[in-house]
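Down below is the structure, laid out as structure tokens.
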Amino acid sequence: MELKWWWVVVVGLVALVVIVAGAFFWPTRQQPKRLRPLAWVGRLTGLPEYVRAYRRYRILLAAITATTVAVLLCAIVATARPVSSQATTAEINRAHPEDIMVCLQDDPASHDASVLLSYFRDQAGAFSTQRLGLTSRTLRVIPLTRDYPFLQERLGQYADLDRLKSAKEPTPEDVAALNRIRGEFGRVVAYSDYQLTVNDAIAMCLKGFAGKSSDARRSVIYLGPAGASKMPIYSDDALSALARESGVQLNVLTPTSVDAAGAVNRIAEASGGRFISYVAVSDGKGQPAPGDQAAKDNALRSHLDDIRSHPPAPRGSDGSILVQQIRDRPNTVLSIALVLVIAFSISLAGVRR
Amino acid sequence: MTFEPVLAWWVFLLLAGLTLVLRMYTLYRVLVVVGKGSQRKVVVRWSLLTLVIVCLFAAAVRPGIEERPHVVSRAAAEAAANNNVNVFFVVDRSLNLKAEDYGNNQFRMAGIRADMAAIVDQYSSGRFAITSFASKAREDWPLSDDIWSLRALLKGYSAYDADFDALYQVDVGAAEDQLKRQLELAAKQYPGSSNLVFYFGEGAGISKRTATKFDIPSGLIAGGAVLGYGTTTGGRVASKIAANGDVTYFPAPNGGGDFLSVLDEASLREVAGQLHVPYFHRSMGDSTAMVIPSLDTASSTSSEQQDVSMPGNRTEFYWVFTAIAMALMFYELFAMTREYRVSRMVKVRGE
């Protein structure tokens, strides 16, 4: 449980200490009572009635102190406004589920692709309302779906391609599996008058969200080169319009530097997404040091974490951005306070206050 | 102004009543004990403590103002309810589907493709899933509303390439596990939706395997159909299609001409019985209207949509009351400590 105004607790506790200490040490005008010495005090205080009365007095004193402090603490905590961002997130996820299209322009058997695929295989295990899809450069490999067991199984298979490819002595089954699964990602067709471009690959991903808009929070996570496109079907403006119309946040993870990137950088940022240039693991040109590779993989994963922790803002049906207000959750502390109030009232009746 | 009491109303009233009785009893005791002179002082103290209690109760009903609660528009919700359909295609992709006895000597698969496309058109905003099978089942397309991509997939949907021996291993019920899992998941993830199952096949009469039985819990399938393709006289099964369009056929295993794959309607009717859906034989040009089950749209009104409302921006006031209670309790604590101290400040005369 988090607190919206945590400073109230600090101020409250400090005030508590100061008030108690002040009440104790502030000089009083009242003179100490002067009691007459009495004979046989020991015999009087030894009487069972006296002992009983004194015990009752002490219990009452302890009870009134404990309940007063407890009620006060409840009041302090409740005034600090307990909130639960976790519960709020769950509520938002239910009303505005996330639609995530993973977009892979590289060879699915490349190392970076396997990092990406295994990252989402693990994520799919924790999904509750999210939908996930996978698009290769020419095909919808997995449409947006909530079938999480399916997602985990397939993404796991695809993430394994890197291992199959780099196996020193691949078995015939491995080779067959590699070819079969590569086939699922579509064949590269050479056209005489067209070459696949980055713009069109991204447009293909953007087309994976059914309907123009919905309550869902849509995002595309694209992994691949981001250079300028030559003669694309979707021009930069058309792509930008497509992203805007379908309300998709475009995130780009690319080995291409920002300077070398085409309009994709601008489009990603305009859509509220991120454009991240990362250092790719060199594929093929000699084996990179294992430690180096692990560090780069972790960097890629942390980029993905970064993207995933900034999902699109939920929008109302009129397109306005809804404020992600954190809802107060004071019910527990207020219920405890009510129960304590009963105990408090009983002890107050005892001390006549 | 709305209220969201932290406890059920009756618990709340019970506690309030109990506290009221206790406070009144305390007031009575206070007044009985204290003499006329200092009555005002103790009554003020009693009132402040009662105010603390009243404030805590006021906070516990959580008064607040609900600003523009965001609810999915009614029209959209109704449209969504009517389209809340999950369509599951179970498709036989064994070699039998390359038999040329559908329509004008076309592959049986051509008929399946046409019918699948027609059903997709029928539920153009539903969700679709495809599970294919021959000897084993495979989920080709998970449940998704991405119809745009599904249409592209269906254009090139064809039978598996396999050896002739694979025909003996075809299991008409191979998709049992996958189908059951998907139906259960869909019922859980899309409450209020209807599951339709369409089974496309030819019965695998030549198979030597005992077929797995579909054992789907009742209530998971709202409708659908088993659709059979081919003829009882059989059709030649293509083994290879050359680049120039020449087709070669599988020879019969016991010699003597080409092998003929025969439609096995009995086994398809059995599947239909297991799934509790009707069986239809399909030939070229048949309208799909008859195989589309009529759905009771009223029953599929979605409870899901009612749940879907954004946590509205609620302005809470409970903390104002707890803040007042907190301030008063600080005073009470101060007074209490002070009293305790004064009562302890004793000095025995003469010491």
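Every chain in the structure tokens takes a letter, A first, then B, and so on in the order presented; its residues are numbered from 1, and the ligands are numbered from 1 following the presented order.
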Which chain A residues are at most 7 Å from chain B (counting only C-alpha atoms), as a short mmCIF file (atom, residue, chain, number, x, y, z; two decimals) with C-alpha atoms, in the first residue's frame?
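Generated file (part.cif):
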```cif
data_model
loop_
_atom_site.label_atom_id
_atom_site.label_comp_id
_atom_site.auth_asym_id
_atom_site.auth_seq_id
_atom_site.Cartn_x
_atom_site.Cartn_y
_atom_site.Cartn_z
CA ILE A 19 3.07 16.81 21.84
CA VAL A 20 3.69 13.99 24.28
CA ALA A 23 2.97 17.84 27.73
CA PHE A 24 5.49 16.13 29.95
CA PRO A 32 2.32 19.97 43.11
CA LYS A 33 -0.32 18.70 45.44
CA ARG A 34 0.81 18.44 49.00
CA LEU A 35 -0.37 15.26 50.58
CA ARG A 36 -0.62 14.80 54.28
CA PRO A 37 1.47 11.99 55.66
CA LEU A 72 -4.70 8.70 16.12
CA ALA A 75 -6.43 9.00 11.40
CA ILE A 76 -2.90 9.96 10.35
CA ALA A 78 -6.07 7.77 6.41
CA THR A 79 -5.32 11.48 6.06
CA ARG A 81 -4.59 8.97 1.56
CA GLU A 91 -8.47 -1.59 -13.45
CA ILE A 92 -7.05 0.35 -16.37
CA ARG A 94 -9.37 -4.23 -17.81
CA ALA A 95 -11.03 -1.14 -19.25
CA ARG A 140 1.16 -11.84 -39.94
CA PRO A 143 -2.41 -12.20 -35.13
CA LEU A 144 -3.26 -10.18 -32.02
CA THR A 145 -4.49 -12.77 -29.59
CA ASP A 147 -4.28 -17.16 -26.33
CA GLY A 208 -2.80 -5.67 -37.61
CA PHE A 209 -5.17 -3.75 -35.35
CA ALA A 210 -8.75 -4.43 -36.36
CA GLN A 325 -5.81 9.06 -11.70
CA ASN A 331 -11.05 1.06 3.12
CA LEU A 334 -10.94 3.11 7.85
CA SER A 335 -12.43 -0.28 8.75
CA VAL A 341 -13.57 3.46 17.77
CA ILE A 342 -15.68 0.88 19.61
CA SER A 345 -15.59 4.45 23.28
CA ILE A 346 -15.58 1.65 25.85
CA ALA A 349 -16.79 5.30 29.23
CA ARG A 352 -15.68 9.25 32.08
CA ARG A 353 -14.70 11.40 29.16
#
```
Exercise. Taking the DSSP assignment computed from this structure's backbone, write out as number ranges by chain all residues of segment 41-138 of chain A that belong to alpha helix (DSSP H).
Key: A: 41-45, 48-79, 85-95, 111-124
Quiz prompt | Polymer residues at most 10 Å from Leu268 of chain B, only C-alpha atoms, same-chain spacing of 5 or more positions, as JSON, numbers by chain | solution = {"B": [172, 199, 200, 201, 202, 203, 204, 205, 226, 227, 228, 263, 273, 274, 279, 280, 281]}
Would you save the residues from that selection as a compact mmCIF listing (two decimals), in the first residue's frame, using C-alpha atoms?
```txt
# COMPACT_ATOMS: atom_id res chain seq x y z
CA VAL B 172 -10.51 -37.32 -37.44
CA TYR B 199 -15.46 -28.87 -38.69
CA PHE B 200 -14.29 -29.33 -42.27
CA GLY B 201 -13.29 -32.80 -43.36
CA GLU B 202 -13.89 -35.94 -45.34
CA GLY B 203 -13.95 -38.62 -42.67
CA ALA B 204 -10.61 -40.30 -43.39
CA GLY B 205 -12.18 -43.63 -44.33
CA VAL B 226 -19.64 -30.52 -39.51
CA LEU B 227 -19.11 -30.10 -43.22
CA GLY B 228 -18.13 -32.95 -45.52
CA LEU B 263 -15.75 -39.49 -48.56
CA GLY B 273 -22.87 -36.29 -32.92
CA GLN B 274 -19.93 -35.88 -30.54
CA TYR B 279 -23.78 -32.53 -40.44
CA PHE B 280 -23.98 -31.15 -43.97
CA HIS B 281 -22.52 -32.45 -47.18
```
Exercise. Pull the strand (DSSP E or B) assignments for segment 164-312 of chain A out of DSSP run on the backbone, and list those residues as a list in words.
Key: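 Residues meeting the strand (DSSP E or B) criterion: Arg217, Arg218, Ser219, Val220, Ile221, Tyr222, Leu223, Gly227, Val248, Gln249, Leu250, Asn251, Val252, Leu253, Thr254, Ala261, Phe275, Ile276 and Ser277 of chain A.
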How would the residues just chosen look if you wrote them out with N, CA and C atoms as a PDB file, in the first residue's frame?
```pdb
ATOM      1  N   ARG A 217      -5.305   0.126 -25.810  1.00  0.00           N
ATOM      2  CA  ARG A 217      -4.114   0.960 -25.980  1.00  0.00           C
ATOM      3  C   ARG A 217      -3.174   0.219 -26.902  1.00  0.00           C
ATOM      4  N   ARG A 218      -2.975   0.755 -28.086  1.00  0.00           N
ATOM      5  CA  ARG A 218      -2.243   0.019 -29.108  1.00  0.00           C
ATOM      6  C   ARG A 218      -0.800   0.474 -29.210  1.00  0.00           C
ATOM      7  N   SER A 219       0.083  -0.500 -29.345  1.00  0.00           N
ATOM      8  CA  SER A 219       1.463  -0.124 -29.616  1.00  0.00           C
ATOM      9  C   SER A 219       2.113  -1.134 -30.540  1.00  0.00           C
ATOM     10  N   VAL A 220       3.045  -0.640 -31.321  1.00  0.00           N
ATOM     11  CA  VAL A 220       3.851  -1.487 -32.190  1.00  0.00           C
ATOM     12  C   VAL A 220       5.278  -1.421 -31.668  1.00  0.00           C
ATOM     13  N   ILE A 221       5.918  -2.556 -31.560  1.00  0.00           N
ATOM     14  CA  ILE A 221       7.330  -2.577 -31.192  1.00  0.00           C
ATOM     15  C   ILE A 221       8.082  -3.180 -32.368  1.00  0.00           C
ATOM     16  N   TYR A 222       8.831  -2.334 -33.024  1.00  0.00           N
ATOM     17  CA  TYR A 222       9.494  -2.716 -34.265  1.00  0.00           C
ATOM     18  C   TYR A 222      10.974  -2.954 -34.012  1.00  0.00           C
ATOM     19  N   LEU A 223      11.471  -4.084 -34.501  1.00  0.00           N
ATOM     20  CA  LEU A 223      12.902  -4.360 -34.398  1.00  0.00           C
ATOM     21  C   LEU A 223      13.441  -4.559 -35.812  1.00  0.00           C
ATOM     22  N   GLY A 227      16.442   2.651 -41.898  1.00  0.00           N
ATOM     23  CA  GLY A 227      16.926   3.602 -42.889  1.00  0.00           C
ATOM     24  C   GLY A 227      15.783   4.184 -43.713  1.00  0.00           C
ATOM     25  N   VAL A 248      -2.061   4.291 -32.924  1.00  0.00           N
ATOM     26  CA  VAL A 248      -1.036   3.341 -32.508  1.00  0.00           C
ATOM     27  C   VAL A 248       0.229   4.090 -32.090  1.00  0.00           C
ATOM     28  N   GLN A 249       0.787   3.646 -30.980  1.00  0.00           N
ATOM     29  CA  GLN A 249       2.085   4.162 -30.554  1.00  0.00           C
ATOM     30  C   GLN A 249       3.160   3.312 -31.220  1.00  0.00           C
ATOM     31  N   LEU A 250       4.042   3.966 -31.942  1.00  0.00           N
ATOM     32  CA  LEU A 250       5.079   3.224 -32.659  1.00  0.00           C
ATOM     33  C   LEU A 250       6.407   3.328 -31.919  1.00  0.00           C
ATOM     34  N   ASN A 251       6.969   2.175 -31.572  1.00  0.00           N
ATOM     35  CA  ASN A 251       8.283   2.146 -30.928  1.00  0.00           C
ATOM     36  C   ASN A 251       9.258   1.460 -31.864  1.00  0.00           C
ATOM     37  N   VAL A 252      10.438   2.027 -31.979  1.00  0.00           N
ATOM     38  CA  VAL A 252      11.417   1.484 -32.915  1.00  0.00           C
ATOM     39  C   VAL A 252      12.706   1.149 -32.174  1.00  0.00           C
ATOM     40  N   LEU A 253      13.140  -0.076 -32.349  1.00  0.00           N
ATOM     41  CA  LEU A 253      14.425  -0.515 -31.805  1.00  0.00           C
ATOM     42  C   LEU A 253      15.287  -0.853 -33.008  1.00  0.00           C
ATOM     43  N   THR A 254      16.360  -0.145 -33.160  1.00  0.00           N
ATOM     44  CA  THR A 254      17.093  -0.325 -34.403  1.00  0.00           C
ATOM     45  C   THR A 254      18.587  -0.175 -34.197  1.00  0.00           C
ATOM     46  N   ALA A 261      18.728   7.355 -39.741  1.00  0.00           N
ATOM     47  CA  ALA A 261      17.339   6.922 -39.862  1.00  0.00           C
ATOM     48  C   ALA A 261      16.555   7.909 -40.704  1.00  0.00           C
ATOM     49  N   PHE A 275      12.187   5.972 -30.060  1.00  0.00           N
ATOM     50  CA  PHE A 275      13.097   5.554 -31.116  1.00  0.00           C
ATOM     51  C   PHE A 275      14.427   5.296 -30.434  1.00  0.00           C
ATOM     52  N   ILE A 276      14.838   4.034 -30.410  1.00  0.00           N
ATOM     53  CA  ILE A 276      16.041   3.681 -29.662  1.00  0.00           C
ATOM     54  C   ILE A 276      17.051   3.036 -30.598  1.00  0.00           C
ATOM     55  N   SER A 277      18.230   3.634 -30.685  1.00  0.00           N
ATOM     56  CA  SER A 277      19.325   3.016 -31.430  1.00  0.00           C
ATOM     57  C   SER A 277      20.140   2.196 -30.451  1.00  0.00           C
TER      58      SER A 277
END
```
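Taking only C-alpha atoms into account, Asn265 of chain A lies nearest to A:Pro225 out of the set A:Pro97, A:Gly186, A:Pro225, A:Pro27.
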